[in-house]
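Text of model.cif, listed as mmCIF, C-alpha atoms:
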data_coords
#
loop_
_atom_site.label_atom_id
_atom_site.label_comp_id
_atom_site.auth_asym_id
_atom_site.auth_seq_id
_atom_site.Cartn_x
_atom_site.Cartn_y
_atom_site.Cartn_z
CA MET E 1 41.49 228.93 239.87
CA VAL E 2 38.49 226.79 240.82
CA ARG E 3 38.33 228.22 244.34
CA ARG E 4 38.46 231.74 242.99
CA THR E 5 35.65 231.01 240.53
CA ILE E 6 33.53 229.46 243.29
CA HIS E 7 34.22 232.44 245.56
CA VAL E 8 33.21 234.91 242.82
CA LEU E 9 30.01 232.97 242.08
CA ASP E 10 29.20 232.68 245.77
CA SER E 11 29.68 236.40 246.40
CA SER E 12 27.62 237.22 243.28
CA ILE E 13 24.78 235.03 244.53
CA GLN E 14 25.01 236.70 247.93
CA LYS E 15 24.87 240.21 246.41
CA LEU E 16 21.93 239.26 244.21
CA SER E 17 20.11 237.82 247.25
CA ARG E 18 20.64 241.09 249.12
CA ILE E 19 19.26 243.07 246.19
CA PHE E 20 16.26 240.74 246.06
CA VAL E 21 15.61 241.30 249.78
CA VAL E 22 15.55 245.07 249.26
CA ILE E 23 13.11 244.57 246.38
CA ALA E 24 10.97 242.31 248.61
CA GLY E 25 10.89 244.97 251.33
CA THR E 26 9.91 247.62 248.81
CA LEU E 27 7.15 245.39 247.47
CA THR E 28 5.88 244.86 251.02
CA LEU E 29 5.67 248.62 251.50
CA LEU E 30 3.85 248.97 248.19
CA MET E 31 1.46 246.23 249.27
CA ILE E 32 0.75 248.12 252.50
CA PHE E 33 0.10 251.38 250.65
CA THR E 34 -2.21 249.79 248.08
CA THR E 35 -4.14 247.96 250.78
CA VAL E 36 -4.58 251.14 252.82
CA TYR E 37 -5.63 252.98 249.67
CA GLY E 38 -8.23 250.28 248.94
CA VAL E 39 -9.61 250.40 252.48
CA VAL E 40 -9.78 254.21 252.51
CA ALA E 41 -11.45 254.30 249.09
CA ARG E 42 -14.00 251.68 250.11
CA TYR E 43 -14.97 252.80 253.61
CA PHE E 44 -14.36 256.55 253.62
CA PHE E 45 -15.20 257.53 250.05
CA ARG E 46 -17.65 254.67 249.29
CA ARG E 47 -15.81 253.87 246.04
CA PRO E 48 -14.51 250.30 246.06
CA GLU E 49 -11.28 249.89 244.16
CA PRO E 50 -10.69 246.32 242.87
CA VAL E 51 -7.27 247.17 241.44
CA SER E 52 -5.79 247.74 244.91
CA TYR E 53 -6.66 244.18 245.96
CA GLU E 54 -5.12 242.72 242.82
CA LEU E 55 -1.98 244.82 243.12
CA SER E 56 -1.61 243.79 246.76
CA THR E 57 -1.86 240.15 245.75
CA ILE E 58 0.79 240.57 243.05
CA PHE E 59 3.09 242.42 245.47
CA LEU E 60 2.60 239.68 248.07
CA LEU E 61 3.54 236.97 245.58
CA TRP E 62 6.56 238.86 244.26
CA GLY E 63 7.67 239.79 247.79
CA PHE E 64 7.70 236.12 248.76
CA LEU E 65 9.54 235.14 245.59
CA PHE E 66 12.20 237.81 245.98
CA ALA E 67 12.80 237.06 249.68
CA ILE E 68 12.98 233.27 249.54
CA SER E 69 16.56 233.03 248.23
CA ALA E 70 17.90 235.27 251.01
CA VAL E 71 15.99 233.29 253.64
CA GLU E 72 17.59 230.09 252.34
CA ARG E 73 20.99 231.77 252.03
CA HIS E 74 20.96 232.72 255.73
CA ASN E 75 19.49 229.37 256.77
CA GLU E 76 16.54 231.09 258.45
CA HIS E 77 13.74 228.96 257.07
CA ILE E 78 11.37 227.01 259.28
CA ARG E 79 12.16 223.38 260.00
CA ALA E 80 9.78 220.90 261.55
CA GLU E 81 12.15 218.57 263.34
CA ILE E 82 9.72 216.24 265.02
CA PHE E 83 11.53 212.93 264.62
CA ILE E 84 15.00 214.00 263.56
CA GLN E 85 15.80 215.37 267.01
CA TYR E 86 16.03 211.79 268.25
CA ALA E 87 18.55 210.76 265.59
CA PRO E 88 22.27 210.59 266.35
CA ARG E 89 24.28 213.77 265.77
CA LYS E 90 26.08 212.36 262.69
CA VAL E 91 22.78 211.46 261.03
CA ARG E 92 21.33 214.92 261.77
CA ASP E 93 24.42 216.63 260.37
CA PHE E 94 24.29 214.51 257.23
CA LEU E 95 20.58 215.19 256.73
CA HIS E 96 20.97 218.95 257.25
CA SER E 97 24.15 219.45 255.25
CA VAL E 98 23.72 216.97 252.37
CA ILE E 99 20.31 215.32 252.00
CA SER E 100 18.11 218.38 252.58
CA PRO E 101 20.00 220.62 250.12
CA PHE E 102 20.08 217.80 247.56
CA LEU E 103 16.31 217.31 247.74
CA ALA E 104 15.76 221.08 247.70
CA LEU E 105 18.00 221.36 244.63
CA PHE E 106 15.90 218.78 242.81
CA TYR E 107 12.67 220.53 243.83
CA CYS E 108 13.89 224.02 242.88
CA THR E 109 15.26 222.83 239.55
CA VAL E 110 11.94 221.27 238.57
CA LEU E 111 10.04 224.34 239.78
CA THR E 112 12.29 226.65 237.76
CA TRP E 113 11.99 224.48 234.65
CA LYS E 114 8.21 224.15 234.83
CA GLY E 115 7.89 227.82 235.81
CA TRP E 116 9.67 228.84 232.60
CA GLU E 117 7.34 226.66 230.57
CA ALA E 118 4.24 228.18 232.21
CA ALA E 119 5.54 231.74 231.91
CA ILE E 120 6.55 231.40 228.26
CA TYR E 121 3.20 229.82 227.43
CA SER E 122 1.36 232.59 229.27
CA LEU E 123 3.33 235.25 227.42
CA SER E 124 2.81 233.55 224.05
CA ILE E 125 -0.98 233.38 224.34
CA GLY E 126 -1.33 236.79 226.01
CA GLU E 127 -3.04 235.38 229.08
CA LYS E 128 -5.04 237.91 231.10
CA SER E 129 -6.71 237.63 234.48
CA MET E 130 -10.46 237.21 234.78
CA SER E 131 -10.80 240.31 236.95
CA VAL E 132 -12.19 243.74 236.18
CA TRP E 133 -8.70 245.06 235.55
CA ALA E 134 -7.73 242.16 233.24
CA GLU E 135 -3.99 242.54 233.83
CA PRO E 136 -1.61 240.38 231.79
CA ILE E 137 -0.52 237.29 233.72
CA GLY E 138 2.70 236.57 231.77
CA PRO E 139 4.85 239.25 233.45
CA ILE E 140 3.59 238.08 236.83
CA LYS E 141 4.41 234.44 236.06
CA ILE E 142 7.87 235.23 234.71
CA MET E 143 9.04 236.19 238.21
CA VAL E 144 8.52 232.63 239.47
CA PRO E 145 11.30 231.02 237.40
CA ILE E 146 13.60 234.02 237.82
CA CYS E 147 13.39 233.98 241.61
CA TYR E 148 13.40 230.18 241.88
CA GLY E 149 16.39 230.14 239.53
CA LEU E 150 18.31 232.23 242.06
CA LEU E 151 17.04 229.94 244.81
CA THR E 152 18.39 226.97 242.83
CA PHE E 153 21.84 228.57 242.78
CA VAL E 154 21.63 229.33 246.51
CA VAL E 155 20.63 225.74 247.30
CA PHE E 156 23.44 224.42 245.08
CA SER E 157 25.88 226.66 246.93
CA ASN E 158 24.54 225.37 250.28
CA LEU E 159 24.89 221.80 249.03
CA CYS E 160 28.52 222.38 248.03
CA ARG E 161 29.24 224.04 251.37
CA GLY E 162 27.47 221.25 253.25
CA LEU E 163 29.33 218.51 251.37
CA SER E 164 32.61 220.29 251.97
CA SER E 165 32.03 220.69 255.69
CA TYR E 166 30.72 217.15 256.08
CA LEU E 167 33.68 215.65 254.22
CA SER E 168 36.18 217.84 256.09
CA ARG E 169 34.72 216.66 259.42
CA GLY E 170 35.22 213.07 258.31
CA GLU E 171 38.86 213.75 257.33
CA ALA E 172 39.53 215.55 260.61
CA LYS E 173 38.27 212.58 262.61
CA GLU E 174 40.46 210.18 260.62
CA ALA E 175 43.56 212.26 261.27
#

As a first step, turn the structure in this file into structure tokens.
Amino acid sequence: MVRRTIHVLDSSIQKLSRIFVVIAGTLTLLMIFTTVYGVVARYFFRRPEPVSYELSTIFLLWGFLFAISAVERHNEHIRAEIFIQYAPRKVRDFLHSVISPFLALFYCTVLTWKGWEAAIYSLSIGEKSMSVWAEPIGPIKIMVPICYGLLTFVVFSNLCRGLSSYLSRGEAKEA
């Protein structure tokens, strides 16, 4: 029963991460099109378009947010292993499979929590940007806790998988 529930949750998180990657790719394409539009409008038609810059910035932020959970899910993030490469193999395995996901879980949980507070506050006061376009900031900010919430679930899943593999290695060596 518990294994089945964990498997269903894990596959749901994986499917949601895949959907978020497709959204991130689409947002990257939209960012490219709006940037090209802004450049063409400015240099060929001599009509600068400030909205294209702002849209490109929003698409860049959302693209990062949507892609980060899939990057973590596939363990393809960048690691700076300057000193850890000199540690014994058991210490490295423990740091990678248990400590790093635990610290990331704490970080993502706080970021999701504080992101919700900032987004709800922004929506409640009707915050707008200081630009010419004066777009509402609340809908932009609401994507931070949504995407980091998924990242929190991915990190929790990685922590469970890491603990399981680390503990099973210890049991295998005892046997």

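Matched in the shown structure by the PyMOL selection byres ((chain E and resi 139) around 12): Ile58, Trp62, Trp116, Ala118, Ala119, Ile120, Tyr121, Ser122, Leu123, Ser124, Gly126, Glu127, Lys128, Ser129, Glu135, Pro136, Ile137, Gly138, Ile140, Lys141, Ile142, Met143, Val144, Pro145 and Ile146 of chain E.
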
Residues as selected, C-alpha atoms, written as a compact mmCIF listing (two decimals), in the frame of the given file, can you do that?
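Result file follows (part.txt):
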# COMPACT_ATOMS: atom_id res chain seq x y z
CA ILE E 58 0.79 240.57 243.05
CA TRP E 62 6.56 238.86 244.26
CA TRP E 116 9.67 228.84 232.60
CA ALA E 118 4.24 228.18 232.21
CA ALA E 119 5.54 231.74 231.91
CA ILE E 120 6.55 231.40 228.26
CA TYR E 121 3.20 229.82 227.43
CA SER E 122 1.36 232.59 229.27
CA LEU E 123 3.33 235.25 227.42
CA SER E 124 2.81 233.55 224.05
CA GLY E 126 -1.33 236.79 226.01
CA GLU E 127 -3.04 235.38 229.08
CA LYS E 128 -5.04 237.91 231.10
CA SER E 129 -6.71 237.63 234.48
CA GLU E 135 -3.99 242.54 233.83
CA PRO E 136 -1.61 240.38 231.79
CA ILE E 137 -0.52 237.29 233.72
CA GLY E 138 2.70 236.57 231.77
CA ILE E 140 3.59 238.08 236.83
CA LYS E 141 4.41 234.44 236.06
CA ILE E 142 7.87 235.23 234.71
CA MET E 143 9.04 236.19 238.21
CA VAL E 144 8.52 232.63 239.47
CA PRO E 145 11.30 231.02 237.40
CA ILE E 146 13.60 234.02 237.82

Using the chain letters and numbering of this document, enumerate as a ChimeraX atom specification the residues selected by the PyMOL selection byres ((chain E and resi 44-57) around 12).
-> /E:27-43,58-64,129-137,140

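The nearest approach to Phe94 (chain E) among the residues E:Phe20, E:Phe153, E:Phe66, E:Tyr166, with all atoms listed in the file taken into account, belongs to E:Tyr166.
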
Of the candidates E:Gly149, E:Thr5, E:Val91, E:Phe106, which shows the shortest atom-to-atom distance to Leu65 (chain E), using all atoms listed in the file?
-> E:Gly149

Using only C-alpha atoms, which of E:Ala104, E:Ile68, E:Val155, E:Ile6 sits nearest Ile23 (chain E)?
->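 Once distances to Ile23 (chain E) are computed over only C-alpha atoms, the minimum belongs to E:Ile68.
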
So, counting all atoms listed in the file, which residue among E:Leu103, E:Thr112, E:Asn75, E:Val98 is closest to Leu159 (chain E)?
->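 Under the stated criterion, the closest residue is E:Val98.
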
What is the CA of His74 (chain E) to CA of Gln14 (chain E) distance in Å?
->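 We find that CA of His74 (chain E) and CA of Gln14 (chain E) lie 9.6 Å from each other.
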
As lines of an AutoDock Vina configuration file, please: the centre and edge lengths in Å, to one decimal, of an axis-aligned box enclosing every listed atom of region 81-98 of chain E with 8 Å added on each side.
center_x = 17.9
center_y = 215.0
center_z = 260.3
size_x = 32.4
size_y = 24.9
size_z = 31.9

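Among the candidate residues E:Ile78, E:Val154, E:Ala24, E:Cys147, the one lying nearest to Trp113 (chain E) is E:Cys147, with distances computed using all atoms listed in the file.
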
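From CA of Leu167 (chain E) back to CA of Ser97 (chain E), the distance works out to 10.3 Å.
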